[in-house]
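Below: the structure, in structure tokens.
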Amino acid sequence: MAEEQQADVVVIGLGPGGEHAAGRLAEAGLDVVGIEAELVGGECPYWGCVPSKMMIRAGNLVAEARRVPGIAGASQVTPDWAQVAARIRDEATDDWNDQVAVDRLTGKGARFVRGRARLAGPGRVTVDDLVVTARRGIVVATGTRPAAPPVPGLAEVPYWTNRDAVAVKELPDSLLVLGGGAIGLELAQVFARFGTTVTVVEAMDRLLPADEPEAGRLIGEVLEREGVGIRTDARAVRAEHDGVTFTLHLDGGELLSAERLLVATGRRAELAGLGLDTVGLDPAARALSTDGQMRAGDGLWAIGDVTGHGAFTHVAMYEAEIAVRSILGDPGPDADYRALPRVTFTDPEVGAVGLTEQQARDKGLRVRTGSFELPSSARGWIHKAGNDGFVKLVEDTDRGVLVGATAAGPAGGEVLYGLAVAIQAQVPTERLRHMIYAYPTFHRAVETALADLR
Ligand SMILES: Cc1cc2nc3c(=O)[nH]c(=O)nc-3n(C[C@H](O)[C@H](O)[C@H](O)COP(=O)(O)OP(=O)(O)OC[C@H]3O[C@@H](n4cnc5c(N)ncnc54)[C@H](O)[C@@H]3O)c2cc1C
Ligand SMILES: NC(=O)c1ccc[n+]([C@@H]2O[C@H](COP(=O)([O-])OP(=O)(O)OC[C@H]3O[C@@H](n4cnc5c(N)ncnc54)[C@H](O)[C@@H]3O)[C@@H](O)[C@H]2O)c1
């Protein structure tokens, strides 16, 4: 016998987007049921942003300590992964236990159900034997899973995803990383800094192919300097594992072998098992399309990775806030992705916002660009070791406003903020040229890049 319950709103998937929406709606006084198949908090706190950034913090400390000679004396660093692994267990993930997050959610007044939910017609959700009818609406926030490419043999070998990589207690001697995007590069650099021999294999002609070419070039140079092997324009045509060693066969005939293989070739929304057909939506779609208020259908909202607007926690939370307003009937602006910021937390960090130069040109905009290399700036010169980076600006010449920017450097993600404001608020570049930039900051490179617009 199925158990029947009613609620104002049912939230399916409690990652950063769903947890935020469910908590806010419950605090607003609605009767909310939140359903989560795995851990409340989702990918970001347990297998994504938080543990990976703890790893990166550790790797950056090691690298910074190694930069002491020639600037501040002598240093000897003995990296110890055990401390990183312990911190991920004790401080980040509670050993992958979400009790604190469940209590936080129910403390806000939401009801919590653990299980895999499915839509069962308009306003109806099933989880095992439970049927919940939603009076106001359903929020789908089911996120993404790693997507492996169809490389022959790959499905048969025990490769790592991000989940294995952040949970590792003992580092492998060697690691192959398939995919030179955000996950691949962030983790490649950390593992290499802790002594693993790492090779990155990227199918496109450069690393970070979604970013400005200068960014991929820079990160490639830095990683190679740190001893990471880089293969771009490289297609894996076969993957093997003999019980001990992984081997990737590349299309040019090269064989790469390592103790572990990390596949970081993008992520995919898994919409197939969600019952989308019962509400008239295409279960084979790559993403759930929404209007500006995050409505995916009648009484149905979608937020986070599943909407395909960028797999970032800040996008999930931004969209959650819009959906909450929409469900509560509060007026507010539509989602606006013109100034979507993204930061790859390599060292140097690569912060980017808005359009790349190529994207702007492809949109038919008349474009001027301006750049400046951080090592040539006063702060970069003072900083010395670890000063790699640049600022690149993309201006829509007809409107005289920035439409895109990249800030790569020791604090690239922080420098990005001012550029995101400029793009969001459409501040005329002429005005940006005549403001005061504190000396000697990294962000003073923005002033020089503005002067370079041509
Ligand atoms: C290694 C790594 C590093 C990252 N670093 C960053 C970073 O630094 N900054 C950043 O902004 N982003 C980062 N991200 C991306 C970020 O983690 C995601 O964008 C974010 O978690 C998306 O949130 P979400 O709520 O859309 O989905 P998710 O976090 O994926 O959560 C979705 C939840 O829904 C649940 N679910 C799915 N189907 C069902 C169902 N049928 N019923 C019930 N529950 C279901 C899942 O179990 C999951 O818990 C990183 C990702 C990875 C993998
Ligand atoms: N700092 C951050 O904000 C952060 C960090 C990690 C992940 N994320 C999010 O998670 C998402 C997923 O990360 P990701 O690194 O897996 O994806 P990604 O899309 O960033 O990068 C995947 C890379 O793999 C390459 N690739 C695809 N197929 C390949 C193949 N067969 N062989 C070799 N290379 C191949 C792609 O060209 C691309 O460069 C990111 O898009 C990002 O939104 C964000």
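Residue numbering restarts at 1 in every chain; chains get A, B, ... in the order shown in the structure tokens, and ligands count up from 1 in that same order.
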
| message | Excluding Phe345 (chain A) and its own-chain neighbours fewer than 4 positions away, which residues fall within 7 Å of it when counting only C-alpha atoms? Please give them as a list in words. | response | Glu186, Glu349 and Val350 of chain A

I need the chosen residues saved as a PDB file, in the first residue's frame, with N, CA, C and O atoms.
```pdb
ATOM      1  N   GLU A 186      42.678  21.183 -11.678  1.00  0.00           N
ATOM      2  CA  GLU A 186      42.790  21.462 -10.233  1.00  0.00           C
ATOM      3  C   GLU A 186      43.403  20.258  -9.511  1.00  0.00           C
ATOM      4  O   GLU A 186      44.321  20.399  -8.699  1.00  0.00           O
ATOM      5  N   GLU A 349      45.152  31.044 -10.220  1.00  0.00           N
ATOM      6  CA  GLU A 349      43.716  30.894 -10.440  1.00  0.00           C
ATOM      7  C   GLU A 349      43.340  31.517 -11.781  1.00  0.00           C
ATOM      8  O   GLU A 349      43.920  32.530 -12.176  1.00  0.00           O
ATOM      9  N   VAL A 350      42.371  30.896 -12.446  1.00  0.00           N
ATOM     10  CA  VAL A 350      41.866  31.484 -13.690  1.00  0.00           C
ATOM     11  C   VAL A 350      40.421  31.910 -13.459  1.00  0.00           C
ATOM     12  O   VAL A 350      39.523  31.076 -13.374  1.00  0.00           O
TER      13      VAL A 350
END
```

| message | For Ala167 (chain A), find every residue with an atom within 10 Å (counting only C-alpha atoms), except residues of its own chain fewer than 2 positions away, and show them as a ChimeraX atom specification. | response | /A:46-47,51-52,85-86,88-89,93,95-96,162-165,169-170

Dump as a tab-separated table (two decimals), in the first residue's frame, selection limited to all heavy atoms:
```tsv
chain	number	residue	atom	x	y	z
A	46	TYR	N	30.68	17.33	-0.39
A	46	TYR	CA	31.20	15.99	-0.10
A	46	TYR	C	32.22	15.48	-1.11
A	46	TYR	O	33.12	14.73	-0.75
A	46	TYR	CB	30.03	14.99	-0.01
A	46	TYR	CG	29.11	15.33	1.15
A	46	TYR	CD1	27.89	15.94	0.93
A	46	TYR	CD2	29.50	15.07	2.46
A	46	TYR	CE1	27.07	16.28	1.99
A	46	TYR	CE2	28.69	15.40	3.52
A	46	TYR	CZ	27.47	16.01	3.28
A	46	TYR	OH	26.68	16.35	4.33
A	47	TRP	N	32.04	15.86	-2.39
A	47	TRP	CA	32.93	15.32	-3.42
A	47	TRP	C	33.41	16.39	-4.40
A	47	TRP	O	34.03	16.07	-5.41
A	47	TRP	CB	32.22	14.22	-4.21
A	47	TRP	CG	31.77	13.08	-3.38
A	47	TRP	CD1	32.58	12.09	-2.86
A	47	TRP	CD2	30.44	12.77	-2.96
A	47	TRP	NE1	31.81	11.22	-2.15
A	47	TRP	CE2	30.50	11.60	-2.18
A	47	TRP	CE3	29.20	13.39	-3.15
A	47	TRP	CZ2	29.38	11.01	-1.61
A	47	TRP	CZ3	28.07	12.81	-2.58
A	47	TRP	CH2	28.16	11.64	-1.82
A	51	PRO	N	35.95	19.71	-0.56
A	51	PRO	CA	37.17	18.91	-0.39
A	51	PRO	C	38.25	19.23	-1.41
A	51	PRO	O	39.44	19.23	-1.07
A	51	PRO	CB	36.67	17.46	-0.53
A	51	PRO	CG	35.32	17.55	-1.14
A	51	PRO	CD	34.76	18.88	-0.78
A	52	SER	N	37.84	19.53	-2.65
A	52	SER	CA	38.88	19.82	-3.65
A	52	SER	C	39.60	21.12	-3.30
A	52	SER	O	40.82	21.23	-3.49
A	52	SER	CB	38.31	19.86	-5.08
A	52	SER	OG	37.45	20.95	-5.26
A	85	ALA	N	43.94	14.25	3.93
A	85	ALA	CA	42.86	13.25	3.95
A	85	ALA	C	42.08	13.33	5.26
A	85	ALA	O	40.85	13.23	5.27
A	85	ALA	CB	43.45	11.85	3.76
A	86	ALA	N	42.79	13.57	6.36
A	86	ALA	CA	42.11	13.65	7.66
A	86	ALA	C	41.22	14.89	7.72
A	86	ALA	O	40.10	14.85	8.21
A	86	ALA	CB	43.15	13.70	8.78
A	88	ILE	N	39.78	16.39	5.24
A	88	ILE	CA	38.59	16.17	4.40
A	88	ILE	C	37.56	15.33	5.17
A	88	ILE	O	36.36	15.60	5.13
A	88	ILE	CB	38.99	15.51	3.06
A	88	ILE	CG1	39.71	16.57	2.19
A	88	ILE	CG2	37.79	14.93	2.33
A	88	ILE	CD1	40.32	16.03	0.93
A	89	ARG	N	38.06	14.36	5.91
A	89	ARG	CA	37.13	13.52	6.69
A	89	ARG	C	36.55	14.26	7.89
A	89	ARG	O	35.35	14.28	8.12
A	89	ARG	CB	37.83	12.24	7.16
A	89	ARG	CG	37.84	11.19	6.07
A	89	ARG	CD	38.97	10.20	6.17
A	89	ARG	NE	38.91	9.33	5.00
A	89	ARG	CZ	39.36	9.66	3.78
A	89	ARG	NH1	39.89	10.85	3.56
A	89	ARG	NH2	39.26	8.83	2.76
A	93	THR	N	33.65	16.65	5.47
A	93	THR	CA	32.57	15.73	5.08
A	93	THR	C	31.98	14.92	6.25
A	93	THR	O	31.03	14.15	6.03
A	93	THR	CB	33.09	14.70	4.05
A	93	THR	OG1	34.09	13.89	4.69
A	93	THR	CG2	33.70	15.38	2.83
A	95	ASP	N	33.22	12.40	7.43
A	95	ASP	CA	33.34	11.05	6.88
A	95	ASP	C	32.13	10.68	6.02
A	95	ASP	O	31.59	9.58	6.10
A	95	ASP	CB	33.54	10.03	8.01
A	95	ASP	CG	34.59	9.00	7.63
A	95	ASP	OD1	35.04	9.01	6.47
A	95	ASP	OD2	34.94	8.19	8.50
A	96	TRP	N	31.71	11.62	5.21
A	96	TRP	CA	30.57	11.46	4.28
A	96	TRP	C	29.28	11.09	5.03
A	96	TRP	O	28.54	10.19	4.66
A	96	TRP	CB	30.93	10.46	3.16
A	96	TRP	CG	31.97	11.09	2.30
A	96	TRP	CD1	31.76	11.94	1.27
A	96	TRP	CD2	33.39	10.99	2.45
A	96	TRP	NE1	32.96	12.38	0.76
A	96	TRP	CE2	33.97	11.81	1.45
A	96	TRP	CE3	34.24	10.30	3.32
A	96	TRP	CZ2	35.35	11.95	1.31
A	96	TRP	CZ3	35.62	10.45	3.18
A	96	TRP	CH2	36.15	11.26	2.18
A	162	ASN	N	35.86	12.12	-9.72
A	162	ASN	CA	36.21	13.08	-8.66
A	162	ASN	C	35.96	12.49	-7.28
A	162	ASN	O	36.65	12.81	-6.31
A	162	ASN	CB	35.40	14.37	-8.83
A	162	ASN	CG	33.89	14.16	-8.75
A	162	ASN	OD1	33.31	13.50	-9.62
A	162	ASN	ND2	33.24	14.69	-7.72
A	163	ARG	N	34.97	11.59	-7.17
A	163	ARG	CA	34.64	11.03	-5.85
A	163	ARG	C	35.79	10.22	-5.27
A	163	ARG	O	36.09	10.30	-4.09
A	163	ARG	CB	33.37	10.19	-5.93
A	163	ARG	CG	32.15	11.06	-6.22
A	163	ARG	CD	30.88	10.34	-5.94
A	163	ARG	NE	29.74	11.26	-6.03
A	163	ARG	CZ	28.54	11.01	-5.61
A	163	ARG	NH1	28.27	9.84	-5.06
A	163	ARG	NH2	27.57	11.90	-5.73
A	164	ASP	N	36.41	9.40	-6.12
A	164	ASP	CA	37.57	8.60	-5.65
A	164	ASP	C	38.74	9.52	-5.34
A	164	ASP	O	39.46	9.32	-4.37
A	164	ASP	CB	37.99	7.59	-6.73
A	164	ASP	CG	36.81	6.76	-7.20
A	164	ASP	OD1	36.40	5.87	-6.45
A	164	ASP	OD2	36.27	7.04	-8.29
A	165	ALA	N	38.91	10.54	-6.19
A	165	ALA	CA	40.10	11.40	-6.04
A	165	ALA	C	40.07	12.17	-4.72
A	165	ALA	O	41.09	12.34	-4.08
A	165	ALA	CB	40.21	12.36	-7.22
A	169	LYS	N	43.24	8.14	0.46
A	169	LYS	CA	44.01	8.27	1.69
A	169	LYS	C	45.51	8.21	1.42
A	169	LYS	O	46.30	8.81	2.12
A	169	LYS	CB	43.64	7.16	2.67
A	169	LYS	CG	42.35	7.43	3.44
A	169	LYS	CD	42.15	6.35	4.47
A	169	LYS	CE	41.07	6.72	5.45
A	169	LYS	NZ	40.63	5.57	6.24
A	170	GLU	N	45.87	7.40	0.42
A	170	GLU	CA	47.29	7.29	0.05
A	170	GLU	C	47.43	7.64	-1.41
A	170	GLU	O	46.73	7.05	-2.25
A	170	GLU	CB	47.79	5.88	0.30
A	170	GLU	CG	48.23	5.68	1.73
A	170	GLU	CD	48.70	4.26	1.99
A	170	GLU	OE1	49.32	3.68	1.08
A	170	GLU	OE2	48.42	3.78	3.09
```

| said: Residues contacting ligand 2 - anything with an atom at most 7 Å away, using only C-alpha atoms and all ligand atoms - can you give me those as a ChimeraX atom specification? | reply: /A:48-49,146,149,151,178-184,201-204,207-209,234-236,264-267,310-312,342-345

Mind dumping the selected residues with N, CA and C atoms as an mmCIF file, in the first residue's frame?
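The file below, selection.cif, is the result:
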```cif
data_model
loop_
_atom_site.group_PDB
_atom_site.id
_atom_site.type_symbol
_atom_site.label_atom_id
_atom_site.label_comp_id
_atom_site.auth_asym_id
_atom_site.auth_seq_id
_atom_site.Cartn_x
_atom_site.Cartn_y
_atom_site.Cartn_z
ATOM 1 N N GLY A 48 33.035 17.637 -4.177
ATOM 2 C CA GLY A 48 33.327 18.670 -5.171
ATOM 3 C C GLY A 48 34.102 19.835 -4.597
ATOM 4 N N CYS A 49 33.460 21.001 -4.641
ATOM 5 C CA CYS A 49 34.130 22.264 -4.302
ATOM 6 C C CYS A 49 34.923 22.197 -2.998
ATOM 7 N N PRO A 146 29.318 12.407 -13.262
ATOM 8 C CA PRO A 146 30.437 12.422 -14.219
ATOM 9 C C PRO A 146 30.047 11.733 -15.526
ATOM 10 N N PRO A 149 33.727 9.515 -21.627
ATOM 11 C CA PRO A 149 33.618 9.455 -23.091
ATOM 12 C C PRO A 149 33.611 8.006 -23.571
ATOM 13 N N VAL A 151 35.411 5.923 -24.971
ATOM 14 C CA VAL A 151 36.728 5.384 -25.357
ATOM 15 C C VAL A 151 36.673 3.869 -25.207
ATOM 16 N N LEU A 178 42.342 12.153 -17.628
ATOM 17 C CA LEU A 178 41.693 12.320 -18.930
ATOM 18 C C LEU A 178 40.751 13.516 -18.816
ATOM 19 N N GLY A 179 41.074 14.609 -19.529
ATOM 20 C CA GLY A 179 40.270 15.824 -19.454
ATOM 21 C C GLY A 179 41.053 16.952 -18.808
ATOM 22 N N GLY A 180 41.315 17.998 -19.593
ATOM 23 C CA GLY A 180 42.076 19.149 -19.084
ATOM 24 C C GLY A 180 41.174 20.334 -18.826
ATOM 25 N N GLY A 181 40.027 20.069 -18.165
ATOM 26 C CA GLY A 181 39.128 21.150 -17.752
ATOM 27 C C GLY A 181 39.338 21.452 -16.273
ATOM 28 N N ALA A 182 38.292 21.991 -15.649
ATOM 29 C CA ALA A 182 38.427 22.476 -14.266
ATOM 30 C C ALA A 182 38.824 21.361 -13.296
ATOM 31 N N ILE A 183 38.090 20.250 -13.320
ATOM 32 C CA ILE A 183 38.380 19.184 -12.354
ATOM 33 C C ILE A 183 39.761 18.593 -12.628
ATOM 34 N N GLY A 184 40.011 18.278 -13.882
ATOM 35 C CA GLY A 184 41.267 17.627 -14.246
ATOM 36 C C GLY A 184 42.475 18.450 -13.822
ATOM 37 N N VAL A 201 45.674 14.381 -20.269
ATOM 38 C CA VAL A 201 45.369 14.130 -21.683
ATOM 39 C C VAL A 201 44.102 14.902 -22.046
ATOM 40 N N GLU A 202 44.235 15.863 -22.945
ATOM 41 C CA GLU A 202 43.109 16.723 -23.321
ATOM 42 C C GLU A 202 42.854 16.587 -24.818
ATOM 43 N N ALA A 203 41.576 16.374 -25.180
ATOM 44 C CA ALA A 203 41.240 16.141 -26.588
ATOM 45 C C ALA A 203 41.358 17.405 -27.436
ATOM 46 N N MET A 204 41.056 18.545 -26.851
ATOM 47 C CA MET A 204 41.082 19.787 -27.636
ATOM 48 C C MET A 204 42.522 20.289 -27.775
ATOM 49 N N LEU A 207 44.417 23.367 -23.042
ATOM 50 C CA LEU A 207 43.772 23.151 -21.743
ATOM 51 C C LEU A 207 42.691 24.211 -21.556
ATOM 52 N N LEU A 208 41.784 23.983 -20.646
ATOM 53 C CA LEU A 208 40.666 24.901 -20.366
ATOM 54 C C LEU A 208 40.068 25.452 -21.663
ATOM 55 N N PRO A 209 39.615 24.565 -22.560
ATOM 56 C CA PRO A 209 39.196 25.044 -23.884
ATOM 57 C C PRO A 209 37.995 25.981 -23.859
ATOM 58 N N ALA A 234 44.963 15.375 -28.063
ATOM 59 C CA ALA A 234 45.291 13.954 -27.901
ATOM 60 C C ALA A 234 44.009 13.166 -27.657
ATOM 61 N N ARG A 235 43.770 12.220 -28.500
ATOM 62 C CA ARG A 235 42.579 11.395 -28.350
ATOM 63 C C ARG A 235 42.966 10.028 -27.813
ATOM 64 N N ALA A 236 42.324 9.637 -26.707
ATOM 65 C CA ALA A 236 42.546 8.272 -26.209
ATOM 66 C C ALA A 236 41.694 7.346 -27.066
ATOM 67 N N ALA A 264 37.927 12.996 -16.031
ATOM 68 C CA ALA A 264 37.323 14.303 -15.704
ATOM 69 C C ALA A 264 36.979 14.992 -17.012
ATOM 70 N N THR A 265 36.051 14.389 -17.738
ATOM 71 C CA THR A 265 35.730 14.856 -19.088
ATOM 72 C C THR A 265 34.342 15.489 -19.157
ATOM 73 N N GLY A 266 33.900 16.088 -18.063
ATOM 74 C CA GLY A 266 32.613 16.771 -18.058
ATOM 75 C C GLY A 266 31.564 16.005 -17.278
ATOM 76 N N ARG A 267 30.418 16.609 -17.145
ATOM 77 C CA ARG A 267 29.338 16.021 -16.353
ATOM 78 C C ARG A 267 28.034 16.077 -17.140
ATOM 79 N N GLY A 310 25.639 26.257 -16.498
ATOM 80 C CA GLY A 310 26.982 26.317 -15.907
ATOM 81 C C GLY A 310 26.946 25.505 -14.626
ATOM 82 N N ALA A 311 27.830 24.505 -14.559
ATOM 83 C CA ALA A 311 27.818 23.613 -13.398
ATOM 84 C C ALA A 311 28.638 24.247 -12.272
ATOM 85 N N PHE A 312 28.014 25.200 -11.588
ATOM 86 C CA PHE A 312 28.687 25.890 -10.485
ATOM 87 C C PHE A 312 27.722 26.029 -9.312
ATOM 88 N N ARG A 342 33.298 32.519 -13.251
ATOM 89 C CA ARG A 342 33.767 31.153 -13.026
ATOM 90 C C ARG A 342 35.258 31.204 -12.704
ATOM 91 N N VAL A 343 35.660 30.401 -11.750
ATOM 92 C CA VAL A 343 37.063 30.414 -11.330
ATOM 93 C C VAL A 343 37.588 28.989 -11.297
ATOM 94 N N THR A 344 38.639 28.734 -12.036
ATOM 95 C CA THR A 344 39.342 27.456 -11.906
ATOM 96 C C THR A 344 40.459 27.687 -10.896
ATOM 97 N N PHE A 345 40.412 26.896 -9.814
ATOM 98 C CA PHE A 345 41.298 27.181 -8.678
ATOM 99 C C PHE A 345 42.642 26.473 -8.786
#
```

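Reported to one decimal place, the separation of CA of Asp452 (chain A) from CA of Thr429 (chain A) is 11.7 Å.
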
Need to verify the contact set: His249 (chain A), 8 Å, only C-alpha atoms, exclusion of same-chain residues closer than 3 positions in sequence. Can you return it as a PDB file with C-alpha atoms, in the first residue's frame?
```pdb
ATOM      1  CA  ALA A 236      42.546   8.272 -26.209  1.00  0.00           C
ATOM      2  CA  VAL A 237      41.562   5.421 -28.529  1.00  0.00           C
ATOM      3  CA  ARG A 238      41.756   2.608 -25.985  1.00  0.00           C
ATOM      4  CA  ALA A 239      41.925   2.200 -22.191  1.00  0.00           C
ATOM      5  CA  GLY A 253      50.401   5.715 -31.172  1.00  0.00           C
ATOM      6  CA  GLU A 254      51.756   6.936 -27.821  1.00  0.00           C
ATOM      7  CA  LEU A 255      51.093   4.714 -24.788  1.00  0.00           C
ATOM      8  CA  LEU A 256      50.679   6.334 -21.375  1.00  0.00           C
TER       9      LEU A 256
END
```

| task | Find the spatial neighbours of Gly41 (chain A), counting only C-alpha atoms, within a cut-off of 8 Å - ignore same-chain residues fewer than 3 positions away - and output them as JSON, numbers by chain. | result | {"A": [14, 15, 16, 19, 44, 45, 46, 98, 101]}

| task | Tell me which protein, DNA and RNA residues are within 12 Å of Tyr337 (chain A), counting only C-alpha atoms, leaving out same-chain ones fewer than 5 positions away, and put them as a ChimeraX atom specification. | result | /A:292,308-310,314-315,318-319,342,353-355,403-404,420,423-424

Restricting the output to all heavy atoms, write the selected residues as a compact mmCIF listing (two decimals), in the first residue's frame.
```txt
# COMPACT_ATOMS: atom_id res chain seq x y z
N GLY A 292 12.79 32.59 -17.41
CA GLY A 292 13.63 33.44 -16.56
C GLY A 292 13.34 33.30 -15.08
O GLY A 292 14.16 33.69 -14.24
N GLY A 308 21.68 23.45 -17.06
CA GLY A 308 22.67 23.61 -18.12
C GLY A 308 23.22 25.01 -18.29
O GLY A 308 23.80 25.34 -19.32
N HIS A 309 23.09 25.86 -17.26
CA HIS A 309 23.61 27.22 -17.39
C HIS A 309 25.02 27.37 -16.83
O HIS A 309 25.51 28.49 -16.69
CB HIS A 309 22.67 28.21 -16.67
CG HIS A 309 21.42 28.44 -17.42
ND1 HIS A 309 20.17 28.21 -16.88
CD2 HIS A 309 21.21 28.86 -18.69
CE1 HIS A 309 19.26 28.48 -17.79
NE2 HIS A 309 19.85 28.86 -18.89
N GLY A 310 25.64 26.26 -16.50
CA GLY A 310 26.98 26.32 -15.91
C GLY A 310 26.95 25.50 -14.63
O GLY A 310 26.12 25.78 -13.75
N HIS A 314 27.51 28.51 -7.33
CA HIS A 314 26.91 29.85 -7.27
C HIS A 314 25.75 29.98 -8.26
O HIS A 314 24.82 30.75 -8.00
CB HIS A 314 27.95 30.96 -7.48
CG HIS A 314 28.93 30.71 -8.58
ND1 HIS A 314 30.06 29.96 -8.41
CD2 HIS A 314 28.94 31.11 -9.88
CE1 HIS A 314 30.74 29.92 -9.55
NE2 HIS A 314 30.07 30.60 -10.46
N VAL A 315 25.78 29.23 -9.36
CA VAL A 315 24.64 29.25 -10.29
C VAL A 315 23.45 28.54 -9.64
O VAL A 315 22.31 29.02 -9.69
CB VAL A 315 25.00 28.60 -11.64
CG1 VAL A 315 23.76 28.43 -12.52
CG2 VAL A 315 26.04 29.44 -12.37
N TYR A 318 21.98 30.85 -7.01
CA TYR A 318 21.35 32.01 -7.67
C TYR A 318 19.98 31.61 -8.24
O TYR A 318 18.97 32.29 -8.04
CB TYR A 318 22.30 32.50 -8.77
CG TYR A 318 21.77 33.55 -9.71
CD1 TYR A 318 21.64 34.87 -9.29
CD2 TYR A 318 21.44 33.25 -11.02
CE1 TYR A 318 21.18 35.86 -10.15
CE2 TYR A 318 20.99 34.22 -11.91
CZ TYR A 318 20.86 35.52 -11.47
OH TYR A 318 20.41 36.48 -12.34
N GLU A 319 19.97 30.46 -8.93
CA GLU A 319 18.71 30.01 -9.53
C GLU A 319 17.72 29.58 -8.44
O GLU A 319 16.51 29.78 -8.59
CB GLU A 319 18.98 28.85 -10.49
CG GLU A 319 19.80 29.31 -11.70
CD GLU A 319 20.07 28.21 -12.71
OE1 GLU A 319 20.00 27.02 -12.35
OE2 GLU A 319 20.37 28.54 -13.87
N ARG A 342 33.30 32.52 -13.25
CA ARG A 342 33.77 31.15 -13.03
C ARG A 342 35.26 31.20 -12.70
O ARG A 342 35.98 32.00 -13.30
CB ARG A 342 33.49 30.28 -14.26
CG ARG A 342 33.94 30.93 -15.54
CD ARG A 342 33.21 30.42 -16.78
NE ARG A 342 33.84 30.99 -17.98
CZ ARG A 342 33.52 32.16 -18.50
NH1 ARG A 342 32.56 32.90 -17.96
NH2 ARG A 342 34.14 32.63 -19.57
N VAL A 353 34.75 35.91 -16.62
CA VAL A 353 33.35 36.35 -16.52
C VAL A 353 32.89 36.78 -17.90
O VAL A 353 33.66 37.35 -18.66
CB VAL A 353 33.20 37.47 -15.46
CG1 VAL A 353 34.11 38.65 -15.76
CG2 VAL A 353 31.75 37.92 -15.32
N GLY A 354 31.62 36.49 -18.18
CA GLY A 354 31.05 36.91 -19.46
C GLY A 354 31.63 36.14 -20.63
O GLY A 354 31.97 34.96 -20.53
N LEU A 355 31.78 36.84 -21.77
CA LEU A 355 32.16 36.20 -23.03
C LEU A 355 33.68 36.19 -23.21
O LEU A 355 34.37 37.11 -22.79
CB LEU A 355 31.55 36.97 -24.21
CG LEU A 355 30.04 37.16 -24.20
CD1 LEU A 355 29.63 38.08 -25.36
CD2 LEU A 355 29.33 35.82 -24.30
N VAL A 403 32.28 43.13 -22.10
CA VAL A 403 31.34 42.00 -22.17
C VAL A 403 32.01 40.71 -21.69
O VAL A 403 31.36 39.68 -21.56
CB VAL A 403 30.76 41.80 -23.58
CG1 VAL A 403 29.81 42.94 -23.94
CG2 VAL A 403 31.88 41.68 -24.63
N GLY A 404 33.32 40.78 -21.46
CA GLY A 404 34.03 39.60 -20.98
C GLY A 404 35.36 39.98 -20.38
O GLY A 404 35.93 41.03 -20.74
N ALA A 420 33.44 41.60 -12.84
CA ALA A 420 32.06 41.10 -12.91
C ALA A 420 31.08 42.25 -12.66
O ALA A 420 30.05 42.36 -13.34
CB ALA A 420 31.86 39.98 -11.88
N ILE A 423 30.82 44.39 -15.78
CA ILE A 423 30.03 43.78 -16.87
C ILE A 423 28.55 43.77 -16.49
O ILE A 423 27.69 44.15 -17.28
CB ILE A 423 30.55 42.36 -17.17
CG1 ILE A 423 31.95 42.46 -17.79
CG2 ILE A 423 29.60 41.62 -18.11
CD1 ILE A 423 32.64 41.15 -18.03
N GLN A 424 28.26 43.38 -15.26
CA GLN A 424 26.86 43.32 -14.83
C GLN A 424 26.21 44.71 -14.91
O GLN A 424 25.09 44.86 -15.40
CB GLN A 424 26.79 42.80 -13.38
CG GLN A 424 25.39 42.74 -12.80
CD GLN A 424 24.57 41.60 -13.39
OE1 GLN A 424 25.11 40.56 -13.69
NE2 GLN A 424 23.28 41.82 -13.56
```

| task | Among the residues of region 107-328 of chain A, find those DSSP assigns to helix (DSSP H, G or I) from the backbone and print them as an MDAnalysis selection string. | result | chainID A and resid 107 154:156 162:167 182:193 213:225 272:274 276:279 304:307 313:328

| task | Check region 212-342 of chain A with DSSP on the backbone and list each residue it calls strand (DSSP E or B), as number ranges by chain. | result | A: 229-231, 236-241, 246-250, 255-258, 260-263, 267-268, 295-297, 300-302, 341-342

| said: My list of candidates is A:Ala210, A:Val157, A:Leu250, A:Met317. Which is closest to ligand 1 when distances are computed with only C-alpha atoms and all ligand atoms? | reply: A:Met317
